[in-house]
Number of protein chains: 6
Amino acid sequence: MSNVLTLGEIMLRLSTRTDTRLNESKQFQVHYGGCEANVAISLANYNHNVSFASKVPDNALGLAVKRHMQHYGVSTDSLLFGGSRLGCYFLETGVGERTSSVIYDRANSSFSEMDTFEWEMDSFFNNVELLHISGITPALSKQWAILTQQLMKEAKRRKVKISFDINYRAKLWSHSNAKRVLSTLLPLVDYCSAGKLDAIHLLDIEEAGSDLTYYYEEMSKLYPNIELFYSTLREIHSTSYNTLVGTIWNKGNLYTSKKHMITPIIDRVGGGDAFSAGVLHGLLTKQDYEYTVSFATAASAMKHTIYGDCNQFSIEEIEEFMNRTDQRIMR
Amino acid sequence: MSNVLTLGEIMLRLSTRTDTRLNESKQFQVHYGGCEANVAISLANYNHNVSFASKVPDNALGLAVKRHMQHYGVSTDSLLFGGSRLGCYFLETGVGERTSSVIYDRANSSFSEMDTFEWEMDSFFNNVELLHISGITPALSKQWAILTQQLMKEAKRRKVKISFDINYRAKLWSHSNAKRVLSTLLPLVDYCSAGKLDAIHLLDIEEAGSDLTYYYEEMSKLYPNIELFYSTLREIHSTSYNTLVGTIWNKGNLYTSKKHMITPIIDRVGGGDAFSAGVLHGLLTKQDYEYTVSFATAASAMKHTIYGDCNQFSIEEIEEFMNRTDQRIMR
Amino acid sequence: MSNVLTLGEIMLRLSTRTDTRLNESKQFQVHYGGCEANVAISLANYNHNVSFASKVPDNALGLAVKRHMQHYGVSTDSLLFGGSRLGCYFLETGVGERTSSVIYDRANSSFSEMDTFEWEMDSFFNNVELLHISGITPALSKQWAILTQQLMKEAKRRKVKISFDINYRAKLWSHSNAKRVLSTLLPLVDYCSAGKLDAIHLLDIEEAGSDLTYYYEEMSKLYPNIELFYSTLREIHSTSYNTLVGTIWNKGNLYTSKKHMITPIIDRVGGGDAFSAGVLHGLLTKQDYEYTVSFATAASAMKHTIYGDCNQFSIEEIEEFMNRTDQRIMR
Amino acid sequence: MSNVLTLGEIMLRLSTRTDTRLNESKQFQVHYGGCEANVAISLANYNHNVSFASKVPDNALGLAVKRHMQHYGVSTDSLLFGGSRLGCYFLETGVGERTSSVIYDRANSSFSEMDTFEWEMDSFFNNVELLHISGITPALSKQWAILTQQLMKEAKRRKVKISFDINYRAKLWSHSNAKRVLSTLLPLVDYCSAGKLDAIHLLDIEEAGSDLTYYYEEMSKLYPNIELFYSTLREIHSTSYNTLVGTIWNKGNLYTSKKHMITPIIDRVGGGDAFSAGVLHGLLTKQDYEYTVSFATAASAMKHTIYGDCNQFSIEEIEEFMNRTDQRIMR
Amino acid sequence: MSNVLTLGEIMLRLSTRTDTRLNESKQFQVHYGGCEANVAISLANYNHNVSFASKVPDNALGLAVKRHMQHYGVSTDSLLFGGSRLGCYFLETGVGERTSSVIYDRANSSFSEMDTFEWEMDSFFNNVELLHISGITPALSKQWAILTQQLMKEAKRRKVKISFDINYRAKLWSHSNAKRVLSTLLPLVDYCSAGKLDAIHLLDIEEAGSDLTYYYEEMSKLYPNIELFYSTLREIHSTSYNTLVGTIWNKGNLYTSKKHMITPIIDRVGGGDAFSAGVLHGLLTKQDYEYTVSFATAASAMKHTIYGDCNQFSIEEIEEFMNRTDQRIMR
Amino acid sequence: MSNVLTLGEIMLRLSTRTDTRLNESKQFQVHYGGCEANVAISLANYNHNVSFASKVPDNALGLAVKRHMQHYGVSTDSLLFGGSRLGCYFLETGVGERTSSVIYDRANSSFSEMDTFEWEMDSFFNNVELLHISGITPALSKQWAILTQQLMKEAKRRKVKISFDINYRAKLWSHSNAKRVLSTLLPLVDYCSAGKLDAIHLLDIEEAGSDLTYYYEEMSKLYPNIELFYSTLREIHSTSYNTLVGTIWNKGNLYTSKKHMITPIIDRVGGGDAFSAGVLHGLLTKQDYEYTVSFATAASAMKHTIYGDCNQFSIEEIEEFMNRTDQRIMR
């Protein structure tokens, strides 16, 4: 059991049933999620001591967030209450040839409007071994771009490992802004989720085919401090049918999972976070990379079969699934 | 059939089931409503030509608003698309001793951020006989306080009757701000929904017991231009059981409806708007005030028996209800 | 355990949720019911051998009817399949001051279009001790007015007791038509559900106050063959709150139940049928009339607390309820 | 924006959930639809001025139809109220190897019992550029076979283009009856939806393989007045998985869309109407036939992904989908 | 129409929605089922006179079981009431790569605690032609292992044919226990559902490839009294997609159905029972084995498309499906 | 914030919708609750550090219990996993005159089968100030009667205050058994929930009218070690309408709350536990008894307005409710 801290925004997600368009919906399904919150829940499922740091309004929606995290055993000691609102987004769940679509309504949220740390740093990082954060946070505001770097430095100073998921969102910032900020953050990072598109558009690596090895190598050259890169390859046959392969890059070696056929997809949101958490779990428990990439990809595939952002499977269930797929589902 | 224009904000309403608290809800019921939109729908139910003017975002939520109004036969020719978001609010529906509670999330909405008229005034008011607007609109921003007055003047110039529902909301502005702005608007108003609390807190009339006649008289003295005042008296026995009496004041005469026992209450939101629309319908069709106050109160009582903001009853149904209650329900 | 036969039409009932108007409903609740079917189910709950005779279309809706009756242990050996359609009706469920309303769509149903008996009479009445039928059946068509009389004569000839519930429906026939037909049926009846309004409008008894004794006496004089009359007195405080008192008239004596306060009412449809079945159960098991009127009224009151047309309580449950109410609910 | 009139019957559709048989269903989903109503809604979504002419009963179900059409912006000025009932049908929604099945209950509907035009023809056709009607209408009654021809002649006289979807339903009329009536209608038609089976069974064209070109050519020879033919080719792999190709025939040229893989199918009803409306939109906006057949087929494919009879996508959404499929779904 | 008796345990099944894990479910779907109950319902659907013998508690759950069986026309004359509880199980419904999982809570049920026959044997077997029982019953307790043999002997003595479905459940007994008990039962059996795994693990037949002929032959040698063996071959591509082939072995001949592609699977529980019942129906109505294996497999495939344990299709529907698949679904 | 430990059984609760009988239900609502678990959750809502000790099976249902407690911030460090099953009960929710009814299925649960402490006592009681336990626990088995006393002694030795809710359940033990065991426990108790019926039937106090003062006095004489007694007086007008008054007895003084009218009642289960927790909160925070009895009764009344066993209101909400009722609801 390791002590992990994740920090980021968590939003109210309002989603439709599969068969109805958003504008015709008489009911929305209610869920709460965010990249780092999802990773926190996965890691708590794997029996780590995880704390989630964020800021939410001091009302029933903030309380719902608190209970959502507590439900899965994540500590909310670093969850702040205050500010103006909880960011939210509307998800029209697609099916078959119809893609899912999203309306964001996240401006002016309690978290994005933070302009200073409201935690006491020493107790904040007390006993923490790993900090996980994503590229969404520095994208939220100029202030958060600065705060993110400060946070990483504080972590660094305390020998806390830093995991960073680039998670580029075009609706939040431009390529050029992201490049500028990432260049201040990546030198501080230990583990990084980044793929081919990130390499090309955000790290100025020249496009050269689809071989991941090339991109991972180039990224490693740029940031030799980054011990491990990881990402997934997804083929989208339809909104209801994807395939998924996970990859890890470490010390010049590429580790690749088997290919999962995911059909039907119940809920794709959080699939990437489940993969990240699976990788981090492998690192925290010092598993070999073969196991880790298989575990993380299996966790991500399983996540697609349930409603909601967060992985709801235990280590035992995922391991059973890893073995089972050889025999029955992949043939 | 008269031509009516109502203008105001319309919001997304997300509400819970009666038996569950907001923070524990896994589903929200979805509805769209606002004071002036609700009045528009009532009047369309009574066969008037009604147009609703507002501004909503150019996305699925804006489309939902458009379809909501079209559904009931309200014209959306003056509904603008653009701006940043649709205001929303969360309604925890109470029951018995537990009151309903609301979380507003309406800042920065497409409508509230308007700072100039985006309609062409001549076509906007083309053929319009009555404009209905509420005190929520001038409360939204300094700009809207000015725009509201301008709008009333434009209406006045075109001999359009002006109906105004004070509808004071403490969460939007202070008593002193409201007083200042209302003093610029009320001299332009023809029909006004205002009660004892409005008289005391917003019009500086001295408190003197509970006799409505006194307050109506004093308000009439202040604003002799206002031809007709109206409001309801509600006794709240519990969240599930209210009584309701409607009143109209015209030329020194008070007209009072019978008292309705409303239990159980299915949905109280929009009950006041149903009353306003009932009064306006009486005025537009030149009914006597006895009929009008009975009709408007019956419409409001009926509204409480269905889910959603808007009255869903026809003239015939409400009249049948007015007669029926004498025989069966009131004894 | 007695052998009972009931005959009549059964319809598809499509109803709304309490909080939504029929025209806005996105879902209808599906149920199957009819006066005689409901009585059959009650009597089967009381462990009698009951057979329900009717005709339904030979499709999924007819199958649904068959399974609905079988479910409660009613024999469907006399249920015919064929004809054009299953009659249906739409029920907008009211609440509080808003009454429930019904749209009938029952013309041309398989049952109403029958113009000859399609059963073999000897096996039809084999072992039957009691036949129950209502005034709806002779109202369906001229042919059914004749067939109903023939059926009663066939029953009479076999010493089968005849129970008849007048159940006047203004939408099916006029007072004058009903009078004419009833005068051919009532001389054959043993037990009859009829109240004050039936006495006045259908049996030409002069109106004289509200004392039931007078009307029962006058009806007894007209039809001395009728051994027992019964009916309920219902006060309608609102759609959600009624009171109910049951009455039985036998040999010049009036037996009256206590008054039940029924609030909230979940579903009023079939309340009268539950009362009829309770009376018939008392007769079949030779209970005294005090017990019988209490049992029947309690069964009817209980029926109001569940969704659906049919009483779902056993003898034991109703008797427990009869005792319980003394102590807790009536004080 | 063009002015379009569609005329036909609209029915109440009562459908089951995918996993339950009709006879076991405790709830039905409620929807309203009909061939011409569905086309009207599609065209309104594409910003045309569309009016839907029909006759529905003057009750809550008729009001529901009115609001259903208004909801999507279709004018109901030519929707008549009266007659005896709204036709309805019961849809057991299939899945996988189990096909969907339907029980019709449409006899004696308000529309089918019309025996004379109840509209004033000049205002009825005022400004109309296109009339759309289907083969269901002349199949409803002898009278409607005559009225349909009269209507087409009235349209012709006013230079209104006539679109006709043969839409043969074996449950409504025989091949021989249909042949006789169609031979009076097709000489008046400008655009016609007809496929191979129509050609063989209704137009007496000799069967000769599966090449559509042959059938379109032969039909064009028979009715040179028909400017454009169109139809879809559907392969049914299972109830949940179909493929779809659209075709248009104009001046000897066959235009064919790409093949859409539709899986899972949410709701197939109205898929053909979405295709028809897409073709008509292309014609009204003078698009080329390549675009038109792609647009119409994409609209039809999209329709299969949502519950309900009617296409709910805008021009922009369908065009985006047309482009998107190249990249992701079709490879 | 034949007279059939089935005997076994029936349980309360509590299942989740496809998209939610058991531990997160706020609602369970309620169903009642068991191997022999399911076979009884299938056979009643095929118009046989079927009686289901079991023991359930004398409470609302026992009543629910009674009504469940009556609903489908199965006689409950041999259903006993008493004992301590109804066994239940929790089913987490899987999807795609995620398998379904079950928690059993069946210990101490009213049926499993029976230690003597509570039926009078002569009336119990009165007119019965076929007894169906499964290997679950002797596995429930030592006493039931003995009672099962006694029951078979009673049947044998009365010339009742005995059908036995081995239905091995590792959670109920070990291979060695099962072997011992089965060796006392199989000499009494006429028709037996057993497959390759049963042959190897329970009948000590040496494993030799996947050819079913070998295993059937060896089993026939061991138990020449068994007239007919049957089983299905299922390929599990995913939880949502299986293929199914049915087989029958009789007098040295293997009869094999076509292969059904079942996707999506709505509910797999009871698929095997539907196959068994189809085979028994073929035997009871003396169909040839080609028809019988096709009918039984089609019934099983159809069962997968509806929620619940029990086949809900009639002979006509299954036969139509058998023909239909040739033309449309299998190509 | 105080440190509190509660210990007891927690069960799976399966309940029906208000309008449907248990045996007809197609769905059950799922909830988890128990006397001491409910008290734990209330106290966690009031910001105390609460730990809940129990034993649940190591499966999805046990996990659900863990998450249910974590959700509300209760520590599950003392929640054990193992044993055979989770006890459950079926609740048919009554309405109006129909009472709720329960079927228990709790035998052989993991908790009730415990026969030794599986916690290490020192860490179990580490920092604990208050232990809460109910009379259900010693009623579960002979072993638990002994273990309960041992537990209280361990607590006593560590100066932990002991709160005990007699909570007599006739289905679990007889009066005489309860008397015997209670006489071993009550000498160890500090705070005790006991009412008139407990006094008469379990403590052999002579019945003498309805004045609570008498009974409290007599109980105090018997157990002078008990510092404080408390209980509620409930009038049951119907299943949907109760009134509630709370009482506390301390040092010869009776403290009584105002009378709450609770109508409609959404869910009565856990109402008593909410009262107990309110009293304990008052004690832990050293509030005066007037406040405490008002707070506890208000909390209990509020609990009745939401679905589920556990109070979901904060200190602030309950206090606001205490004040609010004076002004609006009680007049």
# chains A, B, ... in the order shown; residues from 1 in each chain; ligands from 1
>>> residues_around(residues="Met114 (chain A)", least_positions_apart="5", cutoff="12 Å", atoms="only C-alpha atoms", output="list in words")
Gly8, Glu9, Ser54, Lys55, Val56, Pro57, Leu80, Phe81, Gly82, Gly83, Ser84, Arg85, Asn108, Ser109, Trp119, Thr137, Pro138, Leu140, Ser141, Lys142, Gln143, Trp144, Ala145, Ile146, Leu147 and Thr148 of chain A
>>> interface_residues(of="chain E", to="chain A", cutoff="12 Å", atoms="only C-alpha atoms", output="VMD selection string")
chain E and resid 16 to 25 92 to 101 234 to 242 263 to 265
>>> select_by_dssp(residues="region 21-165 of chain F", states="strand (DSSP E or B)", output="ChimeraX atom specification")
/F:27-33,49-56,75,79-81,88-92,95,98,101-105,130-134,161-165
>>> residues_around(residues="Ser220 (chain C)", least_positions_apart="3", cutoff="12 Å", atoms="only C-alpha atoms", output="ChimeraX atom specification")
/C:186-187,189-192,194,199,203,205,213-217,223-230,249-253
>>> atom_distance(atom1="CA of Leu5 (chain D)", atom2="CA of Ser75 (chain D)")
9.4 Å
>>> atom_distance(atom1="CA of Ser112 (chain C)", atom2="CA of His132 (chain C)")
17.6 Å
>>> atom_distance(atom1="CA of Asn45 (chain F)", atom2="CA of Tyr72 (chain F)")
7.0 Å
>>> select_by_dssp(residues="region 50-145 of chain C", states="helix (DSSP H, G or I)", output="VMD selection string")
chain C and resid 60 to 71 121 to 124 136 to 139 142 to 145
>>> write_last_selection(atoms="N, CA and C atoms", output="compact mmCIF listing (two decimals), in the first residue's frame")
# COMPACT_ATOMS: atom_id res chain seq x y z
N ALA C 60 -51.08 -10.97 -29.20
CA ALA C 60 -50.32 -10.82 -27.94
C ALA C 60 -51.15 -10.17 -26.84
N LEU C 61 -52.09 -9.30 -27.21
CA LEU C 61 -52.91 -8.65 -26.19
C LEU C 61 -53.91 -9.64 -25.60
N GLY C 62 -54.44 -10.52 -26.45
CA GLY C 62 -55.32 -11.56 -25.94
C GLY C 62 -54.57 -12.52 -25.02
N LEU C 63 -53.35 -12.83 -25.41
CA LEU C 63 -52.51 -13.70 -24.57
C LEU C 63 -52.23 -13.03 -23.23
N ALA C 64 -52.00 -11.73 -23.28
CA ALA C 64 -51.75 -10.99 -22.04
C ALA C 64 -52.95 -11.09 -21.10
N VAL C 65 -54.14 -10.99 -21.64
CA VAL C 65 -55.35 -11.13 -20.83
C VAL C 65 -55.40 -12.52 -20.21
N LYS C 66 -55.14 -13.53 -21.03
CA LYS C 66 -55.18 -14.90 -20.52
C LYS C 66 -54.21 -15.06 -19.35
N ARG C 67 -53.00 -14.57 -19.53
CA ARG C 67 -51.98 -14.72 -18.48
C ARG C 67 -52.33 -13.88 -17.25
N HIS C 68 -52.92 -12.74 -17.47
CA HIS C 68 -53.35 -11.90 -16.34
C HIS C 68 -54.33 -12.66 -15.47
N MET C 69 -55.27 -13.34 -16.07
CA MET C 69 -56.28 -14.08 -15.29
C MET C 69 -55.65 -15.33 -14.65
N GLN C 70 -54.87 -16.05 -15.43
CA GLN C 70 -54.19 -17.25 -14.91
C GLN C 70 -53.31 -16.91 -13.71
N HIS C 71 -52.64 -15.78 -13.82
CA HIS C 71 -51.73 -15.33 -12.78
C HIS C 71 -52.38 -15.42 -11.40
N MET C 121 -73.46 -24.53 -23.61
CA MET C 121 -74.05 -24.09 -22.35
C MET C 121 -73.89 -25.10 -21.20
N ASP C 122 -74.01 -26.38 -21.50
CA ASP C 122 -73.94 -27.33 -20.39
C ASP C 122 -72.55 -27.37 -19.75
N SER C 123 -71.54 -27.41 -20.58
CA SER C 123 -70.21 -27.42 -19.97
C SER C 123 -69.87 -26.03 -19.40
N PHE C 124 -70.44 -25.01 -20.02
CA PHE C 124 -70.22 -23.64 -19.55
C PHE C 124 -70.66 -23.50 -18.10
N ILE C 136 -72.77 -3.41 -17.68
CA ILE C 136 -71.99 -2.96 -18.84
C ILE C 136 -72.24 -3.88 -20.03
N THR C 137 -72.37 -5.16 -19.76
CA THR C 137 -72.51 -6.12 -20.86
C THR C 137 -73.77 -5.88 -21.71
N PRO C 138 -74.96 -5.80 -21.11
CA PRO C 138 -76.13 -5.55 -21.97
C PRO C 138 -76.08 -4.17 -22.62
N ALA C 139 -75.24 -3.27 -22.11
CA ALA C 139 -75.15 -1.94 -22.70
C ALA C 139 -74.28 -1.91 -23.95
N LYS C 142 -77.17 -4.08 -28.92
CA LYS C 142 -78.53 -4.63 -28.85
C LYS C 142 -78.47 -6.13 -28.67
N GLN C 143 -77.54 -6.73 -29.37
CA GLN C 143 -77.42 -8.17 -29.31
C GLN C 143 -77.06 -8.62 -27.89
N TRP C 144 -76.15 -7.89 -27.27
CA TRP C 144 -75.75 -8.27 -25.91
C TRP C 144 -76.88 -8.06 -24.90
N ALA C 145 -77.78 -7.11 -25.17
CA ALA C 145 -78.93 -6.93 -24.28
C ALA C 145 -79.77 -8.21 -24.30
>>> residues_around(residues="Ile315 (chain F)", least_positions_apart="2", cutoff="6 Å", atoms="only C-alpha atoms", output="JSON, numbers by chain")
{"F": [46, 317, 318]}
>>> write_last_selection(atoms="N, CA, C and O atoms", output="short mmCIF file (atom, residue, chain, number, x, y, z; two decimals), in the first residue's frame")
data_model
loop_
_atom_site.label_atom_id
_atom_site.label_comp_id
_atom_site.auth_asym_id
_atom_site.auth_seq_id
_atom_site.Cartn_x
_atom_site.Cartn_y
_atom_site.Cartn_z
N TYR F 46 -22.86 14.54 11.74
CA TYR F 46 -22.66 15.62 12.70
C TYR F 46 -21.18 15.80 13.01
O TYR F 46 -20.81 16.34 14.05
N GLU F 317 -28.74 22.02 8.88
CA GLU F 317 -30.06 21.81 8.29
C GLU F 317 -31.09 21.47 9.36
O GLU F 317 -32.24 21.91 9.30
N ILE F 318 -30.70 20.68 10.32
CA ILE F 318 -31.66 20.30 11.36
C ILE F 318 -31.99 21.49 12.24
O ILE F 318 -33.14 21.72 12.60
#
